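One file, run.cif, carrying mmCIF, C-alpha atoms and all ligand atoms:
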```
data_input
loop_
_atom_site.label_atom_id
_atom_site.label_comp_id
_atom_site.auth_asym_id
_atom_site.auth_seq_id
_atom_site.Cartn_x
_atom_site.Cartn_y
_atom_site.Cartn_z
CA MET C 744 -21.44 21.53 -14.27
CA SER C 745 -21.95 20.48 -10.65
CA GLY C 746 -25.26 20.65 -8.84
CA SER C 747 -28.26 18.39 -8.46
CA GLY C 748 -29.43 16.81 -11.68
CA LYS C 749 -26.39 18.03 -13.59
CA THR C 750 -24.05 15.98 -15.74
CA LEU C 751 -20.36 15.57 -14.99
CA ARG C 752 -18.26 14.93 -18.08
CA LEU C 753 -15.43 12.53 -17.31
CA GLY C 754 -12.08 11.80 -18.83
CA VAL C 755 -10.75 8.47 -17.58
CA ALA C 756 -6.98 8.03 -17.71
CA GLY C 757 -5.88 4.44 -17.11
CA LEU C 758 -8.00 1.44 -18.01
CA GLY C 759 -6.47 -1.36 -15.97
CA THR C 760 -8.32 -3.37 -13.35
CA VAL C 761 -9.84 -0.36 -11.62
CA GLY C 762 -10.51 1.62 -14.81
CA GLY C 763 -12.35 -1.34 -16.33
CA GLY C 764 -14.32 -1.78 -13.09
CA LEU C 765 -15.25 1.89 -13.10
CA LEU C 766 -16.54 1.87 -16.67
CA LYS C 767 -18.71 -1.14 -15.83
CA LEU C 768 -20.08 0.61 -12.74
CA ILE C 769 -20.80 3.78 -14.70
CA GLU C 770 -22.85 1.67 -17.13
CA ARG C 771 -24.97 0.73 -14.12
CA GLN C 772 -25.34 4.26 -12.78
CA ALA C 773 -29.13 4.13 -12.98
CA GLU C 774 -28.93 1.61 -10.13
CA LEU C 775 -26.70 3.89 -8.04
CA ARG C 776 -27.72 6.85 -5.89
CA LEU C 777 -25.81 9.67 -7.57
CA PRO C 778 -27.06 13.26 -7.31
CA GLY C 779 -26.58 13.73 -11.07
CA LYS C 780 -25.40 12.00 -14.19
CA LEU C 781 -21.93 10.83 -15.23
CA GLU C 782 -20.91 10.85 -18.85
CA VAL C 783 -17.61 9.38 -19.97
CA VAL C 784 -16.40 11.61 -22.78
CA ALA C 785 -12.88 10.35 -23.40
CA VAL C 786 -10.48 7.68 -22.22
CA SER C 787 -6.75 7.12 -22.34
CA ALA C 788 -4.64 4.06 -21.60
CA ARG C 789 -1.41 2.43 -22.65
CA ASN C 790 -3.08 -0.29 -24.73
CA LYS C 791 -6.14 0.49 -26.82
CA ASN C 792 -6.86 -3.09 -27.78
CA ARG C 793 -6.78 -4.90 -24.46
CA ASN C 794 -10.01 -6.73 -23.68
CA ARG C 795 -11.58 -5.02 -20.66
CA GLY C 796 -14.99 -6.67 -20.90
CA VAL C 797 -16.49 -3.28 -21.68
CA ASP C 798 -16.99 -1.46 -24.98
CA ILE C 799 -14.69 1.57 -25.11
CA ALA C 800 -15.31 2.33 -28.81
CA LYS C 801 -18.06 4.79 -27.86
CA PHE C 802 -15.58 7.05 -26.01
CA ARG C 803 -13.07 9.36 -27.64
CA TRP C 804 -9.64 7.77 -27.45
CA VAL C 805 -6.73 10.01 -26.49
CA ASP C 806 -3.21 8.58 -26.54
CA ASP C 807 -1.72 11.10 -24.14
CA PRO C 808 -3.42 11.37 -20.73
CA VAL C 809 -2.12 14.93 -20.33
CA GLU C 810 -3.95 15.91 -23.52
CA LEU C 811 -7.03 14.22 -22.08
CA ALA C 812 -6.64 16.27 -18.87
CA LEU C 813 -6.53 19.49 -20.90
CA SER C 814 -9.60 18.73 -23.05
CA ASP C 815 -12.22 21.48 -22.87
CA ASP C 816 -15.15 19.09 -22.97
CA ILE C 817 -14.16 17.38 -19.69
CA ASP C 818 -15.06 18.52 -16.17
CA VAL C 819 -13.40 15.75 -14.20
CA VAL C 820 -10.23 13.74 -14.72
CA VAL C 821 -10.27 10.29 -13.18
CA GLU C 822 -6.63 9.28 -12.79
CA LEU C 823 -6.20 5.51 -12.63
CA VAL C 824 -2.79 5.38 -14.29
CA GLY C 825 -0.86 4.74 -11.07
CA GLY C 826 2.76 5.41 -10.15
CA SER C 827 4.15 8.26 -8.10
CA ASP C 828 5.68 10.09 -11.05
CA GLY C 829 5.58 10.10 -14.82
CA PRO C 830 2.28 10.29 -16.72
CA ALA C 831 0.07 10.03 -13.63
CA LYS C 832 1.65 13.05 -11.97
CA ARG C 833 1.71 15.08 -15.16
CA THR C 834 -1.94 14.27 -15.82
CA VAL C 835 -3.08 15.27 -12.33
CA GLU C 836 -1.03 18.46 -12.39
CA ALA C 837 -2.36 19.46 -15.82
CA ALA C 838 -5.94 18.84 -14.73
CA LEU C 839 -5.60 20.80 -11.48
CA ARG C 840 -3.84 23.70 -13.21
CA SER C 841 -6.74 23.99 -15.59
CA GLY C 842 -9.13 24.02 -12.63
CA LYS C 843 -10.59 20.58 -13.31
CA SER C 844 -11.65 18.23 -10.56
CA VAL C 845 -9.46 15.18 -10.09
CA VAL C 846 -10.47 11.83 -8.66
CA SER C 847 -7.53 9.50 -8.23
CA ALA C 848 -6.82 6.05 -6.83
CA ASN C 849 -3.11 6.78 -6.80
CA LYS C 850 -1.69 6.20 -3.32
CA ALA C 851 1.92 6.46 -4.47
CA LEU C 852 1.32 9.90 -5.95
CA ILE C 853 -0.49 11.27 -2.89
CA ALA C 854 1.99 9.75 -0.43
CA GLU C 855 5.10 10.87 -2.27
CA HIS C 856 3.95 14.22 -3.69
CA GLY C 857 0.95 14.97 -1.47
CA MET C 858 2.14 18.39 -0.34
CA GLU C 859 2.78 19.86 -3.77
CA ILE C 860 -0.30 18.28 -5.36
CA ALA C 861 -2.54 19.42 -2.49
CA ALA C 862 -1.11 22.96 -2.71
CA LEU C 863 -1.76 22.97 -6.45
CA ALA C 864 -5.37 21.85 -5.94
CA GLU C 865 -5.88 24.52 -3.28
CA LYS C 866 -4.36 27.23 -5.47
CA HIS C 867 -6.74 26.41 -8.31
CA GLN C 868 -9.67 25.68 -5.97
CA ALA C 869 -10.02 22.30 -7.63
CA HIS C 870 -11.28 19.10 -6.09
CA LEU C 871 -8.65 16.44 -5.50
CA LEU C 872 -10.28 13.33 -4.06
CA PHE C 873 -8.61 9.97 -3.49
CA GLU C 874 -10.85 7.72 -1.43
CA ALA C 875 -9.88 4.75 -3.61
CA ALA C 876 -6.21 5.22 -2.71
CA VAL C 877 -6.66 3.79 0.78
CA ALA C 878 -8.35 0.54 1.84
CA GLY C 879 -10.48 -0.04 -1.26
CA ALA C 880 -14.18 0.17 -0.53
CA ILE C 881 -13.77 1.27 3.10
CA PRO C 882 -14.67 5.00 3.10
CA ILE C 883 -11.81 5.79 5.47
CA VAL C 884 -10.35 8.89 3.82
CA ARG C 885 -13.68 10.69 3.96
CA ALA C 886 -14.35 9.34 7.45
CA VAL C 887 -11.06 10.61 8.88
CA LYS C 888 -11.06 13.86 6.91
CA ASN C 889 -14.68 14.86 7.48
CA SER C 890 -16.74 12.71 9.78
CA LEU C 891 -13.96 12.32 12.36
CA SER C 892 -12.57 15.85 12.15
CA GLY C 893 -13.86 16.28 15.71
CA VAL C 894 -11.55 13.57 17.01
CA ILE C 895 -8.05 14.12 18.41
CA VAL C 896 -6.51 11.02 16.86
CA SER C 897 -3.83 9.17 18.81
CA ARG C 898 -3.37 6.18 16.49
CA VAL C 899 -4.49 4.89 13.11
CA SER C 900 -3.64 1.28 12.38
CA GLY C 901 -4.73 -1.79 10.55
CA ILE C 902 -4.39 -4.03 7.54
CA LEU C 903 -4.04 -1.89 4.43
CA ASN C 904 -2.83 -4.25 1.74
CA GLY C 905 -5.28 -6.79 0.38
CA THR C 906 -2.67 -8.73 -1.56
CA CYS C 907 -0.48 -9.38 1.49
CA ASN C 908 -3.48 -10.23 3.62
CA TYR C 909 -4.71 -12.61 0.93
CA ILE C 910 -1.28 -14.25 0.66
CA LEU C 911 -0.85 -14.67 4.42
CA SER C 912 -4.33 -16.02 5.03
CA GLU C 913 -4.47 -18.28 1.96
CA MET C 914 -1.06 -19.79 2.69
CA LEU C 915 -2.36 -20.72 6.12
CA ARG C 916 -5.79 -21.85 4.93
CA THR C 917 -4.70 -23.94 1.96
CA GLY C 918 -1.03 -24.65 2.59
CA ALA C 919 -0.30 -23.38 -0.94
CA ALA C 920 3.10 -21.99 -1.82
CA TYR C 921 3.80 -18.24 -1.75
CA GLU C 922 4.23 -17.99 -5.54
CA THR C 923 0.93 -19.81 -6.20
CA VAL C 924 -1.05 -17.55 -3.87
CA LEU C 925 0.61 -14.38 -5.20
CA ALA C 926 -0.25 -15.41 -8.78
CA GLU C 927 -3.87 -15.92 -7.69
CA ALA C 928 -3.91 -12.46 -6.05
CA GLN C 929 -2.70 -11.02 -9.36
CA ARG C 930 -5.34 -12.94 -11.31
CA LEU C 931 -8.06 -11.67 -8.99
CA GLY C 932 -6.93 -8.07 -9.57
CA TYR C 933 -5.76 -7.39 -6.00
CA ALA C 934 -2.07 -6.85 -6.71
CA GLU C 935 -0.36 -3.76 -8.08
CA SER C 936 1.01 -4.01 -11.62
CA ASP C 937 4.36 -4.50 -9.91
CA PRO C 938 3.43 -6.80 -7.00
CA PHE C 939 6.74 -6.04 -5.29
CA LEU C 940 5.03 -2.84 -4.13
CA ASP C 941 2.53 -5.02 -2.28
CA VAL C 942 4.79 -7.66 -0.76
CA SER C 943 7.56 -5.23 0.17
CA GLY C 944 5.12 -3.23 2.31
CA GLY C 945 5.46 -0.12 0.12
CA ASP C 946 1.80 -0.01 -0.84
CA ALA C 947 0.63 -0.24 2.79
CA ALA C 948 3.22 2.41 3.67
CA HIS C 949 1.78 4.80 1.08
CA LYS C 950 -1.69 4.25 2.47
CA VAL C 951 -0.84 4.65 6.14
CA LEU C 952 1.09 7.82 5.36
CA ILE C 953 -1.95 9.31 3.62
CA LEU C 954 -4.11 8.47 6.64
CA ALA C 955 -1.46 9.88 8.99
CA ALA C 956 -1.28 13.16 7.06
CA ILE C 957 -5.03 13.64 7.33
CA ALA C 958 -5.54 12.23 10.83
CA PHE C 959 -2.67 14.16 12.44
CA GLY C 960 -2.56 17.25 10.22
CA ALA C 961 0.95 16.25 9.16
CA GLN C 962 2.97 16.85 6.03
CA PRO C 963 3.28 13.51 4.24
CA ASP C 964 6.95 12.53 4.09
CA PHE C 965 7.42 9.07 2.64
CA THR C 966 11.12 8.99 3.50
CA GLN C 967 10.17 8.79 7.18
CA VAL C 968 7.98 5.69 7.00
CA GLN C 969 9.62 2.55 8.32
CA VAL C 970 8.74 -0.30 5.96
CA GLU C 971 9.12 -4.04 6.21
CA GLY C 972 7.14 -6.37 3.95
CA ILE C 973 6.13 -10.01 3.89
CA ASP C 974 8.64 -10.98 1.22
CA LYS C 975 11.00 -12.57 3.74
CA ILE C 976 8.29 -14.52 5.56
CA GLU C 977 8.50 -18.28 5.05
CA ALA C 978 5.57 -20.71 4.99
CA MET C 979 7.07 -22.29 8.11
CA ASP C 980 6.73 -18.99 10.00
CA ILE C 981 3.02 -18.88 9.21
CA THR C 982 2.36 -22.49 10.17
CA LEU C 983 4.47 -22.45 13.33
CA ALA C 984 2.98 -19.13 14.47
CA ASN C 985 -0.39 -20.80 13.98
CA LYS C 986 0.72 -23.64 16.26
CA PHE C 987 1.34 -20.98 18.92
CA ASP C 988 -2.26 -19.77 18.21
CA TYR C 989 -1.06 -16.61 16.47
CA ARG C 990 -1.56 -15.24 12.96
CA ILE C 991 0.97 -13.23 10.99
CA LYS C 992 -0.52 -9.99 9.62
CA LEU C 993 1.04 -7.07 7.81
CA VAL C 994 0.11 -4.21 10.13
CA ALA C 995 0.47 -0.55 9.25
CA GLU C 996 0.31 2.07 11.98
CA ALA C 997 0.72 5.77 12.59
CA TYR C 998 0.76 7.13 16.12
CA ARG C 999 1.72 10.14 18.16
CA SER C 1000 5.02 9.81 19.96
CA GLY C 1001 6.45 12.74 21.86
CA GLY C 1002 5.92 15.77 19.68
CA SER C 1003 5.84 13.94 16.38
CA VAL C 1004 4.06 11.25 14.41
CA ARG C 1005 5.59 7.87 13.65
CA CYS C 1006 4.57 5.67 10.75
CA ARG C 1007 5.54 2.08 10.18
CA VAL C 1008 4.55 -1.11 8.39
CA ALA C 1009 5.69 -4.57 9.46
CA PRO C 1010 4.53 -8.15 9.67
CA VAL C 1011 3.54 -8.87 13.26
CA LEU C 1012 1.99 -11.73 15.20
CA VAL C 1013 -1.53 -11.23 16.52
CA SER C 1014 -3.17 -13.76 18.81
CA ARG C 1015 -6.02 -15.80 17.37
CA ASP C 1016 -8.62 -13.78 19.31
CA HIS C 1017 -7.20 -10.38 18.30
CA PRO C 1018 -9.71 -8.41 16.14
CA LEU C 1019 -7.25 -8.32 13.20
CA ALA C 1020 -6.74 -12.11 13.27
CA SER C 1021 -10.12 -12.74 11.63
CA VAL C 1022 -9.61 -10.15 8.88
CA ASN C 1023 -8.76 -12.55 6.07
CA GLY C 1024 -8.39 -12.70 2.30
CA PRO C 1025 -8.38 -9.34 0.50
CA LEU C 1026 -10.19 -7.66 3.41
CA ASN C 1027 -8.68 -4.56 4.97
CA ALA C 1028 -9.31 -3.18 8.44
CA VAL C 1029 -8.65 0.27 9.84
CA VAL C 1030 -8.74 1.14 13.53
CA VAL C 1031 -8.93 4.82 14.51
CA GLU C 1032 -8.30 5.70 18.14
CA GLY C 1033 -8.69 9.09 19.75
CA GLU C 1034 -10.47 11.47 22.11
CA PRO C 1035 -13.33 11.78 22.84
CA VAL C 1036 -14.57 8.73 20.96
CA GLY C 1037 -12.29 5.86 21.92
CA ARG C 1038 -11.89 3.37 19.12
CA LEU C 1039 -13.61 2.90 15.77
CA THR C 1040 -13.03 -0.11 13.55
CA PHE C 1041 -13.76 -0.25 9.84
CA THR C 1042 -13.55 -3.46 7.82
CA GLY C 1043 -14.22 -4.27 4.19
CA PRO C 1044 -12.81 -5.29 0.83
CA GLY C 1045 -9.51 -3.51 0.36
CA ALA C 1046 -8.57 -4.46 -3.18
CA GLY C 1047 -10.02 -5.53 -6.50
CA ALA C 1048 -11.88 -3.90 -9.37
CA GLY C 1049 -15.34 -3.64 -7.82
CA PRO C 1050 -14.44 -2.32 -4.35
CA THR C 1051 -11.93 0.19 -5.73
CA ALA C 1052 -14.29 1.38 -8.48
CA ALA C 1053 -17.02 1.85 -5.86
CA ALA C 1054 -14.66 4.11 -3.89
CA VAL C 1055 -13.93 6.16 -7.03
CA MET C 1056 -17.67 6.41 -7.58
CA GLY C 1057 -18.15 7.76 -4.05
CA ASP C 1058 -15.70 10.56 -4.86
CA LEU C 1059 -17.51 11.30 -8.12
CA ALA C 1060 -20.75 11.62 -6.18
CA ARG C 1061 -19.05 14.15 -3.86
CA LEU C 1062 -18.28 16.39 -6.85
CA PHE C 1063 -21.98 17.24 -7.16
CA GLU C 1064 -22.01 18.62 -3.62
CA GLY C 1065 -20.18 21.92 -3.76
CA PRO C 1066 -16.84 23.72 -3.73
CA ALA C 1067 -13.53 21.97 -3.22
CA THR C 1068 -12.00 21.71 0.25
CA PRO C 1069 -8.27 21.13 0.99
CA PRO C 1070 -7.34 17.61 -0.19
CA LEU C 1071 -5.57 16.68 3.05
CA GLY C 1072 -8.23 18.12 5.37
CA LYS C 1073 -6.39 21.19 6.64
CA PRO C 1074 -4.91 23.65 4.14
CA SER C 1075 -1.50 22.30 3.17
CA ARG C 1076 0.37 25.32 4.60
CA GLU C 1077 -1.20 24.57 8.01
CA LEU C 1078 -0.08 20.93 8.17
CA ALA C 1079 2.15 21.45 11.18
CA ALA C 1080 2.76 17.96 12.61
CA VAL C 1081 5.98 16.30 11.60
CA ILE C 1082 6.40 12.65 10.69
CA THR C 1083 9.67 11.25 12.00
CA ALA C 1084 11.16 7.83 11.48
CA ALA C 1085 9.96 5.10 13.80
CA ASP C 1086 12.80 3.24 15.47
CA SER C 1087 11.77 -0.35 16.08
CA THR C 1088 15.06 -1.10 17.85
CA ASN C 1089 13.56 0.66 20.86
CA ASP C 1090 10.58 -1.72 20.92
CA GLN C 1091 9.93 -3.63 24.11
CA GLY C 1092 7.77 -6.70 24.10
CA SER C 1093 7.59 -10.33 23.13
CA PHE C 1094 9.07 -11.42 19.82
CA PHE C 1095 8.80 -14.32 17.40
CA ILE C 1096 11.88 -15.81 15.82
CA GLY C 1097 11.56 -18.16 12.85
CA ALA C 1098 14.61 -19.94 11.47
CA LYS C 1099 15.81 -23.02 9.66
CA LEU C 1100 18.43 -24.54 11.91
CA ALA C 1101 21.20 -26.82 10.68
CA ASP C 1102 20.27 -30.37 11.69
CA LYS C 1103 23.49 -31.24 13.53
CA PRO C 1104 24.41 -31.84 17.17
CA GLY C 1105 24.74 -28.70 19.30
CA MET C 1106 22.96 -26.32 16.91
CA PHE C 1107 19.91 -25.85 19.09
CA ALA C 1108 22.11 -25.39 22.15
CA ALA C 1109 24.14 -22.73 20.31
CA LEU C 1110 20.96 -20.89 19.35
CA THR C 1111 19.49 -20.85 22.83
CA GLU C 1112 22.86 -20.02 24.41
CA GLU C 1113 23.11 -16.82 22.37
CA LEU C 1114 19.59 -15.85 23.37
CA ALA C 1115 20.38 -16.53 27.02
CA GLU C 1116 23.59 -14.54 26.83
CA ALA C 1117 21.68 -11.57 25.43
CA GLY C 1118 19.22 -11.83 28.32
CA VAL C 1119 16.37 -13.10 26.15
CA SER C 1120 14.12 -15.58 27.90
CA ILE C 1121 12.19 -18.15 25.85
CA ASP C 1122 8.46 -18.41 26.47
CA LYS C 1123 7.59 -21.14 23.93
CA LEU C 1124 9.41 -23.03 21.23
CA ILE C 1125 8.77 -25.55 18.48
CA GLN C 1126 11.24 -27.50 16.41
CA GLU C 1127 10.02 -29.62 13.53
CA SER C 1128 11.82 -32.40 11.77
CA ALA C 1129 14.28 -31.34 9.10
CA GLY C 1130 13.22 -34.34 7.02
CA ASP C 1131 15.68 -34.62 4.18
CA THR C 1132 16.18 -30.82 3.89
CA GLY C 1133 19.05 -30.76 6.39
CA ALA C 1134 17.54 -27.74 8.18
CA ALA C 1135 14.94 -27.96 10.94
CA PRO C 1136 12.16 -25.35 11.09
CA VAL C 1137 12.35 -23.66 14.49
CA ALA C 1138 10.04 -21.07 16.00
CA ILE C 1139 10.57 -19.28 19.30
CA MET C 1140 8.40 -16.86 21.23
CA THR C 1141 10.26 -14.78 23.76
CA HIS C 1142 9.18 -13.33 27.06
CA PRO C 1143 8.98 -9.52 27.04
CA CYS C 1144 12.41 -7.99 26.45
CA PRO C 1145 14.04 -5.18 24.46
CA ARG C 1146 14.09 -5.86 20.71
CA ALA C 1147 17.70 -4.72 20.76
CA SER C 1148 18.58 -7.78 22.88
CA VAL C 1149 17.01 -10.16 20.37
CA GLU C 1150 18.76 -8.36 17.51
CA LYS C 1151 22.08 -8.71 19.35
CA ALA C 1152 21.55 -12.46 19.78
CA LEU C 1153 20.54 -12.87 16.14
CA ALA C 1154 23.67 -11.03 14.97
CA LYS C 1155 25.79 -13.53 16.90
CA ILE C 1156 23.74 -16.45 15.58
CA ALA C 1157 24.31 -15.17 12.04
CA ALA C 1158 28.06 -15.14 12.68
CA LEU C 1159 27.92 -18.77 13.85
CA LYS C 1160 26.34 -19.76 10.50
CA ILE C 1161 24.05 -22.31 12.16
CA THR C 1162 20.91 -21.36 10.23
CA ALA C 1163 20.12 -22.13 6.60
CA ASP C 1164 18.57 -18.70 6.05
CA GLU C 1165 18.32 -15.32 7.74
CA PRO C 1166 16.03 -15.73 10.78
CA ARG C 1167 12.82 -13.72 10.84
CA LEU C 1168 12.26 -11.45 13.84
CA LEU C 1169 8.66 -10.33 14.27
CA ARG C 1170 6.98 -8.26 16.95
CA ILE C 1171 4.07 -9.81 18.82
CA GLU C 1172 1.18 -7.38 18.96
CA THR C 1173 -0.14 -7.08 22.49
CA ARG C 1174 -2.65 -4.28 21.96
CA ALA C 1175 -6.18 -5.66 21.58
N1 LIG T 1201 -2.62 -3.77 -4.42
C1 LIG T 1201 -3.49 -3.16 -3.47
C2 LIG T 1201 -3.78 -4.14 -2.38
C3 LIG T 1201 -4.76 -2.74 -4.17
O1 LIG T 1201 -3.47 -5.31 -2.52
O2 LIG T 1201 -4.29 -3.75 -1.35
C4 LIG T 1201 -5.54 -1.74 -3.41
O3 LIG T 1201 -4.85 -0.57 -3.21
#
```

The structure given in the file should be rewritten as structure tokens.
Amino acid sequence: MSGSGKTLRLGVAGLGTVGGGLLKLIERQAELRLPGKLEVVAVSARNKNRNRGVDIAKFRWVDDPVELALSDDIDVVVELVGGSDGPAKRTVEAALRSGKSVVSANKALIAEHGMEIAALAEKHQAHLLFEAAVAGAIPIVRAVKNSLSGVIVSRVSGILNGTCNYILSEMLRTGAAYETVLAEAQRLGYAESDPFLDVSGGDAAHKVLILAAIAFGAQPDFTQVQVEGIDKIEAMDITLANKFDYRIKLVAEAYRSGGSVRCRVAPVLVSRDHPLASVNGPLNAVVVEGEPVGRLTFTGPGAGAGPTAAAVMGDLARLFEGPATPPLGKPSRELAAVITAADSTNDQGSFFIGAKLADKPGMFAALTEELAEAGVSIDKLIQESAGDTGAAPVAIMTHPCPRASVEKALAKIAALKITADEPRLLRIETRA
């Protein structure tokens, strides 16, 4: 089946945003630069009748994606079902067990079951490729796994969720409400079918863990990723951070620390001239740092039908090239590095506090007194009028201090019940 000029027979499981985008791109394959031909033989999805803007009547319809994976007339299973367990996992496992190549966009599956799925692929010498799982059209999985295999990576970081980046930048650009911008991200096909995965940071956590596993030769262990999303961020945090000349970005990072690898995702402030500050909308960015190259930065569309389908297509092109290699770079039994939980309480640096403060005499004094008592020095602050809301938006930037000190002050402030909501505490990124 593989080899120049040959045809790969595909079974496509999952016809949502990405599946629809892929079928459209396959229709245009004459315009692409593939080493051979792709033929969609059969498809499977939850809903046969949904309008996908592409005619699926010419493909065999299979209700059960596992049955599709086991079909004898298919060489490659393209898994676009999504979800860490259930039908997606069963489909991928069935395909690999029968020695078929698998191309998947499923970050949850690779992040949460990467070890066992990789071992299964290796055992059956089957391709398992998942470029589309991380950062959309940016070819970062292949870059880290192959092109950068000569680099001793010290840190991989960046913006890995298009939906969150779209929400944060559009709220600032247009002043629109969170719900409005999220609905638009869903309409544009950026968001997961359950957008909580996006805004809670879980999707970015899956992606950074996959990059960490490959970049550091580590066993993916999702339980060890520290995750904080943008779901608690208020519009006032974004606008007041902007008044300090900072942007709020959801940053994912994996880095060496002592003998292990730490992975975390959190909203942080980056100054207006920081390289990540200008990565807006559904764009993603990935920064790889290591010896002997220094730093490489990749930027591009991180979500949406077209960019993700293009990444799937890149993996399909790879299938013409030759035998399978271990899905996570090194053979799974040789993934020796260990991912251990990051502990942000040990952070040192400057912090941003956003809160809605009760609009009564002495409230501001009480707030600053607690910070002073905890040894936290204020660098800048803004208070806006409460208007008729009864709670004044307040933003504070601290001088460098231990995060633990700010947390201690905020715990006391919570006990005083002087804020209308739980204050947001965000790290200020100082690395360029
Ligand atoms: N929901 C994801 C995002 C899609 O917003 O980045 C790409 O994985």

>> What does the list of residues within 6 Å of ligand LIG 1201 (chain T) look like if you count all atoms listed in the file, written as an MDAnalysis selection string?
In response: chainID C and resid 876 879 904:906 933:935 941 1045:1046

>> Quick one: residues within 7 Å of range 1118-1123 of chain C, only C-alpha atoms, excluding same-chain residues fewer than 4 positions away - as a VMD selection string?
In response: chain C and resid 1114 1139 to 1142 1144 1148 to 1149

>> Under the rule that all atoms listed in the file are counted, which of C:Gly779, C:Pro1166, C:Gly759, C:Gly944 is the nearest residue to Arg793 in chain C?
In response: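 That would be C:Gly759, the residue with the smallest distance to Arg793 in chain C.
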
> Got a sec: who's within 12 Å of Gln772 in chain C, counting all atoms listed in the file, leaving out chain neighbours fewer than 4 positions off, as a list of chain:residue names?
Replying inline: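 My list of contacting residues is C:Leu765, C:Leu766, C:Lys767, C:Leu768, C:Arg776, C:Leu777, C:Pro778, C:Gly779, C:Lys780, C:Leu781, C:Glu782, C:Val783, C:Ala1053, C:Met1056, C:Gly1057, C:Leu1059, C:Ala1060.
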
> When distances are computed from all atoms listed in the file, which of C:Lys950, C:Arg898, C:Arg916, C:Arg930 shows the smallest separation from Ala878 in chain C?
Replying inline: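 The shortest atom-to-atom distance to Ala878 in chain C comes from C:Lys950.
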
> If you measure from CA of Val924 in chain C to CA of Pro1044 in chain C, what distance in Å do you get, rounded to one decimal?
Replying inline: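 CA of Pro1044 in chain C lies at a distance of 17.6 Å from CA of Val924 in chain C.
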
> Can you list, as a list in words, every protein, DNA or RNA residue that comes within 8 Å of Leu1019 in chain C when you count only C-alpha atoms, leaving out same-chain residues fewer than 2 positions away?
Replying inline: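 Within the cut-off, the hits are Gly901, Ile902, Lys992, Val1013, His1017, Ser1021, Val1022 and Ala1028 of chain C.
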
> Could you pull the residues within 9 Å of range 843-853 of chain C, counting all atoms listed in the file, minus those fewer than 6 positions along the same chain, as JSON, numbers by chain?
Replying inline: {"C": [761, 812, 813, 817, 818, 819, 820, 821, 822, 823, 824, 825, 826, 827, 828, 831, 832, 835, 837, 860, 861, 864, 867, 868, 869, 870, 871, 872, 873, 874, 875, 876, 877, 945, 946, 949, 950, 953, 963, 1051, 1052, 1054, 1055, 1058, 1059, 1062, 1067]}

> How many Å separate CA of Leu931 in chain C from CA of Val884 in chain C?
Replying inline: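 Distance reported for this atom pair: 24.3 Å.
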
>> With all atoms listed in the file as the counted atoms, please give the residues lying no more than 8 Å from Gly1024 in chain C, apart from itself and same-chain residues fewer than 3 positions off, as a list of chain:residue names.
In response: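 Listed by chain and then number, they are C:Gly905, C:Thr906, C:Asn908, C:Tyr909, C:Ile910, C:Ser912, C:Glu913.
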